[in-house]
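Enquirer: First the structure, then my questions, so here it is.
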Amino acid sequence: MSIQLDFPAVLERWPSFLGGAVLTLELAALATVLGALLGTLAAVGRGTHSALIATACRIYVEAIRNTPLLVQIFLVYFGLASLGLKFSAFTVAVAALTINVGAYTAEIMRAGFEAIPRGQIEAAEGLALSRVQIYWHIILLPAVERVYPALTSQFVLLMLASSVCSQISAEELTAIANYIQSDTYRAFETYIIVAVLYVVLSLVMRAGFWGLGLVLFPRRRRLGTPL
Amino acid sequence: MQQNAFSSEPIVSLRDVQKSFGPLKVLDGVSFAVDRGEVLAIIGRSGSGKSTALRCIDRFEKVDGGEIVVCGHRVDRPDVNLRALRQDVGIVFQSYNLFPHLTIEQNIALAPCAVKKMATGQAKELARKVLAQVGLEEKLHAYPEQLSGGQQQRAAIARSLAMQPKVMLFDEVTSALDPELTGEVLKVIEQLAADGMTMVMVTHEMGFAKSIADRIVFMHRGKVHETGPASILTSPTTPELIQFVGTGNLKS
Ligand SMILES: Nc1ncnc2c1ncn2[C@@H]1O[C@H](COP(=O)(O)OP(=O)(O)O)[C@@H](O)[C@H]1O
Ligand SMILES: [Mg+2]
């Protein structure tokens, strides 16, 4: 038995692959930034004294964590369409991925918030800092620092999971691959290249998060100790 | 209870304060007052309500009844302006509670910048000044974990001082420290007293209380059981205080 691989036939489409990879990275970057914001707000919301807000945040988190991403994407896609709203596949993909990763971020951030010693919050209150100032100056960065590995893994996972956006014809990496393999009849070669590209994208994201960590956590950079 | 006849308004006054945690009555009609420049030491057995009484002053606990006035703020009222109150009151805890992700300078400058909108340069200057006051200038750019317990506690005191409070509250600030480190913290507090700072301190250091306090409040089962000048530690009248100072609590 021998496998005949013809990479040159597929690599002719290199610009398309690259375009798909770039779009995947853009999707992931946007959804990461927006999802981090949404998730952090939801985590704060779950900790507020308002039962209404806390419950709403909880329902959001549980609803997302217990349904498949593809179904969520279709819900956003067809939901918006049925409201008569026309958005590009890219926009829908960003929205759905944001909503999805926001829920996981909320759970991770909540764990981070809970790890802040009560005494530090009291010390901040004793210094007359407001609720918002306490979250911003005292809670947020140490919480993120503690859960940073979990958080960044989640965002890399999101980038990989974004491949299901091919189902609504967002022109990301997997969708491009689908076109190319049906054009060239070289499915195996195509998906080998795609797999390698996803690995490269993962490494790019991990490197990015590592660099961001150096900027966000100067204490760790200087002392090298965990919080 | 005796009050300084020359000052008009006490800085801190508690009148018949009641506080329960569920069925547990922790403060049962606590009254005392602290005049400007006065040092009040609260002593008593563990669980007698000392910390709770102190925390009520800064409204970390809400009282069930009675009246608390601190620098003109009606602390017992639900509409008290918490942030205004806490600008007038500094509080230091047993566990230092420095912010671990910030340098000592940032720890100190944070509240003046965020709360009082002080310019960064000015806040850094202030940080240097208050750190010098507690003898820690060289630790300006260190992180809390790089400091010993005694140094962390002194930095926490400096952080409070930077807000220029009218009264400082200390809750057993040396209890978490090794004996050889308590001295450096007590010396800082002593200096504050000499500079005229109004202070309320919960302490187990009887010798220290005796030497620095203008007045002693001995708490027992949620009540002010005995109060008076520091001399009550050497000549206590109630059996409970006699027993308390007699059981080796009074070191000098
Ligand atoms: N937040 C709380 N919830 C329930 N019980 C508390 C709380 N804080 C203190 N207590 C109880 O109140 C009593 C007095 O506590 P505290 O004021 O800390 O005493 P002290 O400082 O004199 O040791 C103790 O029995 C303690 O267990
Ligand atoms: Mg106590």
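Lettering and numbering for the structure tokens are positional, with chains as A, B, ... in the shown order, residues counted from 1 in each chain, and ligands counted from 1 in the shown order.
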So which residues of region 9-120 of chain A fall under alpha helix (DSSP H) by DSSP, listed as a PyMOL selection string?

Expert: chain A and resi 9-11+14-46+51-65+69-82+89-114+118-120

Enquirer: Using only C-alpha atoms and a distance of at most 10 Å, pull out the residues of chain A that contact chain B, as an MDAnalysis selection string.

Expert: chainID A and resid 117:130 133:134 137:139 141:142 145 217:220 222:223 225 227

Enquirer: Can you pull out every residue with an atom within 7 Å of ligand 1? Use only C-alpha atoms and all ligand atoms and format it as a list of chain:residue names.

Expert: B:Phe21, B:Val26, B:Gly44, B:Arg45, B:Ser46, B:Gly47, B:Ser48, B:Gly49, B:Lys50, B:Ser51, B:Thr52, B:Ala53

Enquirer: Provide the CA of Lys187 (chain B) to CA of Leu54 (chain B) distance in Å, to one decimal place.

Expert: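 These two atoms are separated by 21.6 Å.
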
Enquirer: Enumerate the residues of region 19-66 of chain B with a DSSP assignment of strand (DSSP E), computed from the backbone, and present them as a list in words.

Expert: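 Restricting region 19-66 of chain B to strand (DSSP E) produces Lys19, Ser20, Phe21, Leu24, Lys25, Val26, Leu27, Asp28, Gly29, Val30, Ser31, Phe32, Ala33, Val34, Val39, Leu40, Ala41, Ile42, Ile43, Gly44, Gly65 and Gly66 of chain B.
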
Enquirer: Determine, counting only C-alpha atoms, which protein, DNA and RNA residues have an atom within 12 Å of an atom of Ser13 (chain B); residues of the same chain fewer than 5 positions away are not included. Present the result as a tab-separated table (two decimals) with N, CA and C atoms, in the first residue's frame.

Expert:
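Result file follows (selection17.tsv):
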```
chain	number	residue	atom	x	y	z
B	1	MET	N	-18.08	57.45	82.62
B	1	MET	CA	-16.91	57.58	81.76
B	1	MET	C	-16.46	59.03	81.69
B	3	GLN	N	-14.55	62.32	80.13
B	3	GLN	CA	-14.16	62.90	78.86
B	3	GLN	C	-13.34	64.14	79.08
B	30	VAL	N	-22.15	49.07	74.13
B	30	VAL	CA	-20.78	49.59	74.24
B	30	VAL	C	-20.78	51.10	74.07
B	31	SER	N	-20.16	51.78	75.01
B	31	SER	CA	-20.00	53.23	74.90
B	31	SER	C	-18.56	53.61	75.23
B	32	PHE	N	-17.97	54.43	74.42
B	32	PHE	CA	-16.71	55.10	74.77
B	32	PHE	C	-16.49	56.25	73.80
B	33	ALA	N	-15.61	57.13	74.14
B	33	ALA	CA	-15.32	58.27	73.27
B	33	ALA	C	-13.82	58.52	73.24
B	34	VAL	N	-13.37	59.05	72.12
B	34	VAL	CA	-11.95	59.34	71.94
B	34	VAL	C	-11.81	60.79	71.49
B	35	ASP	N	-11.06	61.54	72.27
B	35	ASP	CA	-10.86	62.94	71.91
B	35	ASP	C	-9.69	63.09	70.97
B	36	ARG	N	-9.62	64.28	70.37
B	36	ARG	CA	-8.53	64.57	69.45
B	36	ARG	C	-7.18	64.38	70.14
B	40	LEU	N	-6.54	55.49	72.59
B	40	LEU	CA	-7.38	54.58	73.36
B	40	LEU	C	-6.98	53.14	73.03
B	53	ALA	N	-16.07	45.95	67.73
B	53	ALA	CA	-16.24	47.35	68.14
B	53	ALA	C	-15.43	48.27	67.24
B	54	LEU	N	-14.18	47.87	66.98
B	54	LEU	CA	-13.30	48.68	66.13
B	54	LEU	C	-13.85	48.79	64.71
B	56	CYS	N	-16.86	48.55	63.73
B	56	CYS	CA	-18.08	49.36	63.67
B	56	CYS	C	-17.74	50.84	63.44
B	57	ILE	N	-16.59	51.26	63.96
B	57	ILE	CA	-16.20	52.67	63.82
B	57	ILE	C	-16.01	53.04	62.36
B	58	ASP	N	-15.48	52.12	61.58
B	58	ASP	CA	-15.24	52.37	60.15
B	58	ASP	C	-16.34	51.74	59.30
B	66	GLY	N	-27.93	51.89	68.88
B	66	GLY	CA	-26.96	52.79	69.46
B	66	GLY	C	-26.50	53.82	68.46
B	67	GLU	N	-25.55	54.64	68.89
B	67	GLU	CA	-25.13	55.77	68.06
B	67	GLU	C	-23.62	55.78	67.94
B	68	ILE	N	-23.13	55.96	66.72
B	68	ILE	CA	-21.69	56.10	66.51
B	68	ILE	C	-21.45	57.38	65.71
B	69	VAL	N	-20.65	58.27	66.26
B	69	VAL	CA	-20.28	59.48	65.54
B	69	VAL	C	-18.76	59.50	65.39
B	70	VAL	N	-18.29	59.63	64.15
B	70	VAL	CA	-16.86	59.65	63.88
B	70	VAL	C	-16.55	60.85	63.00
B	71	CYS	N	-15.79	61.79	63.52
B	71	CYS	CA	-15.45	63.01	62.79
B	71	CYS	C	-16.70	63.66	62.20
B	72	GLY	N	-17.76	63.65	62.95
B	72	GLY	CA	-19.00	64.28	62.49
B	72	GLY	C	-19.89	63.38	61.64
B	73	HIS	N	-19.40	62.23	61.23
B	73	HIS	CA	-20.24	61.32	60.44
B	73	HIS	C	-21.08	60.47	61.37
B	74	ARG	N	-22.38	60.41	61.07
B	74	ARG	CA	-23.27	59.53	61.85
B	74	ARG	C	-23.16	58.11	61.27
B	75	VAL	N	-22.24	57.34	61.80
B	75	VAL	CA	-21.90	56.04	61.22
B	75	VAL	C	-23.03	55.03	61.37
B	76	ASP	N	-23.86	55.21	62.40
B	76	ASP	CA	-24.94	54.24	62.63
B	76	ASP	C	-26.10	54.44	61.65
B	167	VAL	N	-8.15	59.97	62.32
B	167	VAL	CA	-8.02	58.98	63.38
B	167	VAL	C	-7.56	57.67	62.76
B	200	VAL	N	-7.19	54.53	67.97
B	200	VAL	CA	-7.88	53.49	68.73
B	200	VAL	C	-7.19	52.19	68.36
```

Enquirer: As a PyMOL selection string, please: the residues near Asp183 (chain A) (cut-off 12 Å, only C-alpha atoms, same-chain neighbours under 6 positions excluded).

Expert: chain A and resi 9-10+12-13+176-177+190

Enquirer: Next, write the just-selected residues to a file, as an mmCIF file, in the first residue's frame, keeping N, CA, C and O atoms as the atom set.

Expert:
```cif
data_model
loop_
_atom_site.group_PDB
_atom_site.id
_atom_site.type_symbol
_atom_site.label_atom_id
_atom_site.label_comp_id
_atom_site.auth_asym_id
_atom_site.auth_seq_id
_atom_site.Cartn_x
_atom_site.Cartn_y
_atom_site.Cartn_z
ATOM 1 N N ALA A 9 0.100 20.438 -5.961
ATOM 2 C CA ALA A 9 -1.215 20.733 -6.528
ATOM 3 C C ALA A 9 -2.060 21.567 -5.573
ATOM 4 O O ALA A 9 -2.847 22.424 -5.989
ATOM 5 N N VAL A 10 -1.871 21.285 -4.297
ATOM 6 C CA VAL A 10 -2.663 22.006 -3.291
ATOM 7 C C VAL A 10 -2.005 23.330 -2.926
ATOM 8 O O VAL A 10 -2.671 24.346 -2.722
ATOM 9 N N GLU A 12 -0.460 25.320 -4.654
ATOM 10 C CA GLU A 12 -0.762 26.389 -5.609
ATOM 11 C C GLU A 12 -1.766 27.371 -5.024
ATOM 12 O O GLU A 12 -1.801 28.543 -5.389
ATOM 13 N N ARG A 13 -2.601 26.861 -4.122
ATOM 14 C CA ARG A 13 -3.645 27.705 -3.520
ATOM 15 C C ARG A 13 -3.161 28.411 -2.249
ATOM 16 O O ARG A 13 -3.980 28.832 -1.434
ATOM 17 N N ILE A 176 -12.139 27.658 3.690
ATOM 18 C CA ILE A 176 -11.226 27.720 2.545
ATOM 19 C C ILE A 176 -10.756 26.320 2.179
ATOM 20 O O ILE A 176 -10.730 25.925 1.004
ATOM 21 N N ALA A 177 -10.420 25.552 3.181
ATOM 22 C CA ALA A 177 -9.954 24.183 2.953
ATOM 23 C C ALA A 177 -11.034 23.357 2.259
ATOM 24 O O ALA A 177 -10.751 22.583 1.340
ATOM 25 N N THR A 190 -4.842 18.717 1.631
ATOM 26 C CA THR A 190 -5.432 19.988 2.058
ATOM 27 C C THR A 190 -5.549 20.069 3.579
ATOM 28 O O THR A 190 -5.132 21.055 4.194
#
```

Enquirer: Between B:Ala109, B:Leu241, B:Val202, B:Leu131, which is the closest to ligand 2 once you count only C-alpha atoms and all ligand atoms?

Expert: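 With only C-alpha atoms and all ligand atoms as the atom set, the closest residue is B:Val202.
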
Enquirer: List the neighbours of region 196-205 of chain A out to 8 Å using only C-alpha atoms; skip same-chain residues closer than 2 positions along the sequence, and give me the result as a PDB file with C-alpha atoms, in the first residue's frame.

Expert:
```
ATOM      1  CA  ALA A  21      -5.622  31.660   8.266  1.00  0.00           C
ATOM      2  CA  LEU A  25      -6.848  34.840  13.467  1.00  0.00           C
ATOM      3  CA  VAL A 156      -6.816  29.204  21.910  1.00  0.00           C
ATOM      4  CA  MET A 159      -9.673  29.851  17.785  1.00  0.00           C
ATOM      5  CA  LEU A 160      -9.673  26.131  16.988  1.00  0.00           C
ATOM      6  CA  ILE A 192      -2.697  18.257   6.490  1.00  0.00           C
ATOM      7  CA  ILE A 193      -1.786  21.793   5.472  1.00  0.00           C
ATOM      8  CA  VAL A 194      -4.775  23.164   7.360  1.00  0.00           C
ATOM      9  CA  ALA A 207       3.317  33.622  22.002  1.00  0.00           C
ATOM     10  CA  GLY A 208       1.033  36.650  21.981  1.00  0.00           C
ATOM     11  CA  PHE A 209      -0.443  35.747  25.363  1.00  0.00           C
TER      12      PHE A 209
END
```
